[in-house]
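Some notes on the structure that comes next.
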Amino acid sequence: MELTIAKIAELVGGDIQGDGSVMIRGVAPFEQASSRDITFAAGSKFLKRIEETEAGAVIVPREFQHPEKRLIKVDNPPVAFAKVMETFHPRSDKPAAIHPNACIGENFTCGDQVLISPFAVVEDNVTMGNRVKLHPHVFIGDHVTIGDDVEIFPNVTVLERCRIGNRVTIHAGSVIGSDGFGFAPDGERHHKIPQLGIVQIDDDVEIGALNAIDRATFGRTWIQKGVKTDNLIQIAHNVTVGEHSILVAQVGISGSVEIGKHVTIAGQAGIAGHLNLGEGAIIGPRCGVVKDVPAGETVVGEPATPATRYFRVIKVFLELPEIKKQLNKLEKRLKTIEGLSDGAA
Amino acid sequence: MELTIAKIAELVGGDIQGDGSVMIRGVAPFEQASSRDITFAAGSKFLKRIEETEAGAVIVPREFQHPEKRLIKVDNPPVAFAKVMETFHPRSDKPAAIHPNACIGENFTCGDQVLISPFAVVEDNVTMGNRVKLHPHVFIGDHVTIGDDVEIFPNVTVLERCRIGNRVTIHAGSVIGSDGFGFAPDGERHHKIPQLGIVQIDDDVEIGALNAIDRATFGRTWIQKGVKTDNLIQIAHNVTVGEHSILVAQVGISGSVEIGKHVTIAGQAGIAGHLNLGEGAIIGPRCGVVKDVPAGETVVGEPATPATRYFRVIKVFLELPEIKKQLNKLEKRLKTIEGLSDGAA
Amino acid sequence: MELTIAKIAELVGGDIQGDGSVMIRGVAPFEQASSRDITFAAGSKFLKRIEETEAGAVIVPREFQHPEKRLIKVDNPPVAFAKVMETFHPRSDKPAAIHPNACIGENFTCGDQVLISPFAVVEDNVTMGNRVKLHPHVFIGDHVTIGDDVEIFPNVTVLERCRIGNRVTIHAGSVIGSDGFGFAPDGERHHKIPQLGIVQIDDDVEIGALNAIDRATFGRTWIQKGVKTDNLIQIAHNVTVGEHSILVAQVGISGSVEIGKHVTIAGQAGIAGHLNLGEGAIIGPRCGVVKDVPAGETVVGEPATPATRYFRVIKVFLELPEIKKQLNKLEKRLKTIEGLSDGAA
């Protein structure tokens with residue numbers, strides 16, 4: 001593939017500086033780009049070093065100036081670059097078809113241009129839209145509904161009655177709709193509480209590899225529009241993850257947690273049951289959250305604490321041996337003084 | 001399905017208050033139940049608000065009284081409600097059959113009413129009991145034995161020689177019998193220590209989604225009767241998990257740990273190798289256990305510490321900046337006094 | 001299988017003490033070995049108790065002496081014992097064959113003695129060497145290359161263009177080459193950054209069960225020669241794991257981390273993005289690493305701190321309630337003195 005800089009600028013709504021007729025053949029990172037590649041620079045760290053890249057064109061922030069480099073100026077260089085990457089490297093597409101080695105149940109309704117790969121299983125009463133791709137070894141349970149433009153990678157399990165919206169991607173090995181972890185103890189043993197609800201995944205969600213998203217006891221575990229999850233994430237029954245929230249790898253969300261919109265939960269953090277994370281909250285990496293987090297708050301650490309506070313706590317924590325020494329010295333000096341005072345008294 | 005309140009009371013061994021001939025058509029949570037549903041209330045929080053539910057009947061503790069509501073009084077409302085849920089919503093059952101697209105090895109012995117789904121693989125010399133259900137893409141290795149009434153969800157791997165008891169459920173994507181992580185280093189590289197043992201899973205165990213349970217080096221990794229595990233759990237080689245213990249999501253158990261009966265390990269906790277957790281011990285969420293825990297003890301935090309103690313520690317921990325300030329002020333004041341004393345001396 | 005002690009000694013380069021013609025029929029752990037078994041003892045704990053084992057022969061360190069026991073003396077007993085275990089218990093081998101129920105794409109190149117099991121999928125343009133074993137339900141994407149003597153367990157997913165060296169083992173359920181977690185936010189929503197790179201796994205690597213190893217954005221996520229990973233591990237895009245490093249269960253490595261050779265990362269630890277772990281570094285269990293770790297350093301705790309320092313910090317941490325009491329008492333005593341001084345003044 002080859003595109004002129006002008007064509008690329010048009011694609012991303014950018015302004016050109018330099019010769020727009022130059023041909024670009026690929027995308028590459030800042031340091032590795034050749035004169036045939038386009039790259040991007042955002043943040044002063046890279047913008048200062050812009051002469052170091054050999055890229056044929058650089059996507060930069062709208063206000064950036066440079067006398068010699070060929071530039072495409074945009075509002076949001078990373079977003080623009082993501083679009084250019086997608087243009088140069090579209091997902092390699094298998095032709096749409098239902099493979100003879102797939103196993104399709106009764107009463108299957110599906111749109112156009114669907115790909116169902118070998119050894120995929122679609123059980124009964126499944127509905128799916130257009131341009132759905134099921135990779136090999138995908139399992140789709142009874143009464144599941146799937147929208148348009150959904151891609152499900154190998155070895156994914158989607159259990160009965162779950163609902164998947166449009167433009168959803170589910171990466172390999174994930175499990176959608178396993179039973180919530182609910183048992184009623186009688187002092188001797190644990191009685192299974194049937195998990196009657198579902199998982200609902202809304203439009204534009206991307207689920208990472210090896211996620212476990214449990215179905216609700218009643219109602220739904222709900223992954224709202226635009227959510228992105230990384231790998232190896234646990235989402236328990238009856239959780240709601242609000243629109244456009246981000247869950248980084250190995251995060252665990254306990255049952256019935258309500259996560260607002262645009263929340264970020266960093267890697268290996270854990271959220272205790274029934275809590276509320278307000279809109280725009282940021283949960284630090286490996287953070288243990290045991291109470292509600294207000295909208296817009298950033299918490300870190302164990303137990304989760306507002307960030308500025310926590311960093312001050314940790315600073316003293318790491319000085320504890322010296323603190324103790326100081327305290328013991330003080331006690332000694334005080335004793336001396338007390339001796340003097342006693343003598344004085 | 002429709003059942004009279006009287007019939008439901010009989011089913012759960014409960015006493016009726018109100019008209020037992022009223023028909024119930026479903027189960028629902030406290031807030032969402034309609035007059036055709038049954039719900040339950042346990043704990044003063046819900047019992048106080050019992051008039052708020054529109055449920056046609058409410059399962060309550062034996063001693064609870066209310067003049068107007070239709071009640072079924074039982075010893076353990078959650079357990080009774082779990083039974084009612086199961087009655088109204090039996091697992092939808094596929095007819096028993098060995099699908100022509102399953103792949104069955106040599107010398108296969110199996111009981112009645114077995115379901116083996118498309119693309120399941122059963123290797124050689126496998127034995128299984130009655131009413132076993134293998135969902136699609138399940139792998140059962142050579143010489144595995146499986147009891148009666150076992151259900152194994154899609155994409156589960158059970159490797160050679162592992163033993164699975166009766167009434168066991170294994171949720172999607174779990175791996176039973178992968179090699180224990182054993183290597184002998186020679187200073188340059190790591191030599192694989194063959195893992196010759198097995199995993200044994202006893203009766204009434206439920207394994208969550210995406211668990212990794214490694215086979216023993218010698219002997220067995222042993223999941224005893226009635227254990228329930230949540231999702232994404234790591235159980236290393238030669239671990240024993242005692243009867244009716246509970247492991248919450250993302251817990252990690254290192255090699256050769258011995259877990260007693262009725263132990264609870266909360267989410268994201270980790271247990272170091274070769275430790276012993278006594279009967280009835282409770283390990284808090286995200287707790288890092290580095291020494292034995294006596295029977296009946298509750299430990300929390302990092303490093304695991306008896307709970308009452310730890311909460312006192314954490315209280316002071318979060319005041320550390322003030323502690324340091326107080327200490328520095330004290331030092332200053334002491335200095336002043338010392339100056340005075342010197343002057344006095 | 002039966003081997004003389006002399007034959008076993010030859011196999012492991014050991015010196016015999018006692019009758020080398022005695023027949024050995026199996027391997028067993030120290031406490032369980034019978035007179036027909038061989039076992040090993042390393043470390044003073046077992047060497048002191050050597051008379052307690054009934055083993056027919058014991059592999060011991062080169063310098064160890066005992067008048068009565070039959071010994072095989074070697075430089076590294078665990079490594080020698082691992083070799084003996086392998087000799088007595090070779091992996092049970094299915095005959096090499098491409099199963100008619102496997103699904104093989106176009107332009108497939110493969111060596112001799114390859115086993116491709118039922119319901120394995122090999123997409124187009126795949127190349128593999130000799131003696132490769134793909135277990136059931138394995139997925140190999142387009143343009144993947146695989147070396148000699150590779151074994152891939154059930155339900156593993158290897159996505160397009162990834163490269164796997166020689167003598168690599170990948171345990172069940174792992175995902176190699178899922179998309180890195182890269183999104184460009186525009187304030188409203190997150191735009192997918194296409195992940196164009198690959199995962200490269202070098203020779204002699206063993207990957208545990210249910211690992212997620214993401215492909216690079218550009219270039220490669222690189223698992224170097226001799227690395228061993230345990231279960232449920234997250235390796236993000238563009239990470240390099242240096243030769244012979246060890247990653248224990250549930251570890252998470254963020255994007256672009258560079259791990260040197262012979263690094264050990266203990267269970268449930270997490271490494272923040274773009275960090276460097278120097279050669280031979282040891283990262284403690286559940287450790288949260290937020291800055292570079294120099295070569296040879298051992299860090300533990302949260303935040304990661306040199307071990308000797310951290311253990312001193314934690315000792316005082318657990319005394320915090322007493323520290324606070326001591327501080328408050330001191331303040332009181334100081335107040336008394338100040339009162340006296342004021343009186344004196």
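Residues in the structure tokens are numbered from 1 in each chain, the chains being A, B, ... in the order shown, and ligands are numbered from 1 in the order shown.
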Residues of chain A at most 8 Å from chain B: nearest atom pair and distance in Å, only C-alpha atoms, as a tab-separated table:
```
residue	atom	partner	partner_atom	distance
A:Cys103	CA	B:Pro118	CA	7.3
A:Phe119	CA	B:Phe119	CA	6.6
A:Val121	CA	B:Pro136	CA	7.2
A:His137	CA	B:His137	CA	6.8
A:Phe139	CA	B:Pro154	CA	7.0
A:Asn155	CA	B:Asn155	CA	6.5
A:Val156	CA	B:Asn155	CA	7.9
A:Thr157	CA	B:Pro154	CA	6.5
A:Gly173	CA	B:Gly173	CA	6.9
A:Ser174	CA	B:Gly173	CA	7.7
A:Val175	CA	B:Ala172	CA	6.5
A:Ser178	CA	B:His171	CA	6.7
A:Asp179	CA	B:His171	CA	7.9
A:Phe181	CA	B:Asp230	CA	5.9
A:Ala184	CA	B:Val79	CA	5.2
A:Pro185	CA	B:Val79	CA	7.0
A:Asp186	CA	B:Val79	CA	7.0
A:Glu188	CA	B:His244	CA	7.7
A:Arg189	CA	B:His244	CA	6.0
A:His190	CA	B:His244	CA	7.2
A:His191	CA	B:Val79	CA	6.3
A:Lys192	CA	B:Ala82	CA	6.7
A:Ile193	CA	B:Ala82	CA	4.8
A:Pro194	CA	B:Glu86	CA	6.1
A:Leu196	CA	B:His89	CA	7.6
A:Leu210	CA	B:Leu210	CA	7.3
A:Ala212	CA	B:Ala209	CA	6.5
A:Phe218	CA	B:Pro29	CA	7.1
A:Leu232	CA	B:Leu232	CA	7.4
A:Gln234	CA	B:Asn231	CA	6.9
A:Gly252	CA	B:Gln250	CA	7.4
A:Gly270	CA	B:Gln268	CA	7.5
A:Gly288	CA	B:Arg286	CA	7.4
A:Tyr310	CA	B:Leu318	CA	7.8
A:Arg312	CA	B:Pro321	CA	6.4
A:Val313	CA	B:Leu320	CA	5.5
A:Val316	CA	B:Leu320	CA	6.2
A:Phe317	CA	B:Leu320	CA	7.0
A:Ile323	CA	B:Lys324	CA	7.4
A:Leu327	CA	B:Leu327	CA	7.1
A:Leu330	CA	B:Glu331	CA	6.7
A:Leu334	CA	B:Leu334	CA	7.1
A:Ile337	CA	B:Glu338	CA	6.9
A:Leu340	CA	B:Ser341	CA	7.7
```
Query raised in the report: If you run DSSP on the backbone, which residues of segment 81-275 of chain B are strand (DSSP E), as a count of residues only?
Result: 65
**Report entry** Residue list (alpha helix (DSSP H), DSSP) for segment 11-81 of chain B, as a list in words
**Finding:** Leu11, Val12, Ser44, Lys45, Phe46, Leu47, Lys48, Pro77, Pro78, Val79, Ala80 and Phe81 of chain B
Report task. Give me the residues within 8 Å of Glu31 of chain C as a ChimeraX atom specification, counting only C-alpha atoms and dropping any in the same chain fewer than 6 places off. Result -> /C:52-54
Keeping N, CA, C and O atoms, export the residues of the selection given above as a PDB file, in the first residue's frame.
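Below is the file out_34.pdb, written as the result:
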```pdb
ATOM      1  N   GLU C  52      16.878 -42.684  57.336  1.00  0.00           N
ATOM      2  CA  GLU C  52      15.415 -42.862  57.383  1.00  0.00           C
ATOM      3  C   GLU C  52      14.805 -43.301  56.057  1.00  0.00           C
ATOM      4  O   GLU C  52      13.715 -43.850  56.029  1.00  0.00           O
ATOM      5  N   THR C  53      15.476 -43.049  54.970  1.00  0.00           N
ATOM      6  CA  THR C  53      14.881 -43.457  53.695  1.00  0.00           C
ATOM      7  C   THR C  53      15.165 -44.933  53.435  1.00  0.00           C
ATOM      8  O   THR C  53      16.245 -45.437  53.742  1.00  0.00           O
ATOM      9  N   GLU C  54      14.168 -45.620  52.887  1.00  0.00           N
ATOM     10  CA  GLU C  54      14.355 -47.032  52.555  1.00  0.00           C
ATOM     11  C   GLU C  54      14.776 -47.224  51.105  1.00  0.00           C
ATOM     12  O   GLU C  54      14.815 -48.355  50.604  1.00  0.00           O
TER      13      GLU C  54
END
```
Query raised in the report: Counting only C-alpha atoms, what is within 9 Å of Val299 of chain A, bar same-chain residues fewer than 3 positions away, as a ChimeraX atom specification?
Result: /A:281-284,287,289,293,304-308,310
Considering only C-alpha atoms, return as a CSV table (one decimal) with N, CA and C atoms, in the first residue's frame whatever protein or nucleic-acid residues lie within 6 Å of Gly141 of chain C, sequence-local ones (same chain, fewer than 4 positions apart) excluded.
```csv
chain,number,residue,atom,x,y,z
C,123,GLU,N,-3.8,-22.8,10.5
C,123,GLU,CA,-4.3,-21.9,9.4
C,123,GLU,C,-3.2,-21.9,8.2
C,159,LEU,N,-1.5,-17.0,17.8
C,159,LEU,CA,-2.0,-16.2,16.8
C,159,LEU,C,-1.0,-15.8,15.7
C,160,GLU,N,-1.5,-15.2,14.6
C,160,GLU,CA,-0.8,-15.0,13.4
C,160,GLU,C,0.6,-14.4,13.5
```
**Report entry** Non-local contacts of segment 59-74 of chain C (6 Å; only C-alpha atoms; under 2 positions in same chain excluded) as a VMD selection string
**Finding:** chain C and resid 14 to 18 40 to 41 57 76 to 77
Query raised in the report: Using only C-alpha atoms, which residues sit within 6 Å of Asn166 of chain C once same-chain residues fewer than 3 positions away are excluded, as a PyMOL selection string?
Result: chain C and resi 147-149+203
Query raised in the report: So, counting only C-alpha atoms, which residue among C:Val144, C:Glu297, C:Asn130, C:Lys94 is closest to Phe108 of chain C?
Result: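 Of all the options, C:Val144 lies closest to Phe108 of chain C.
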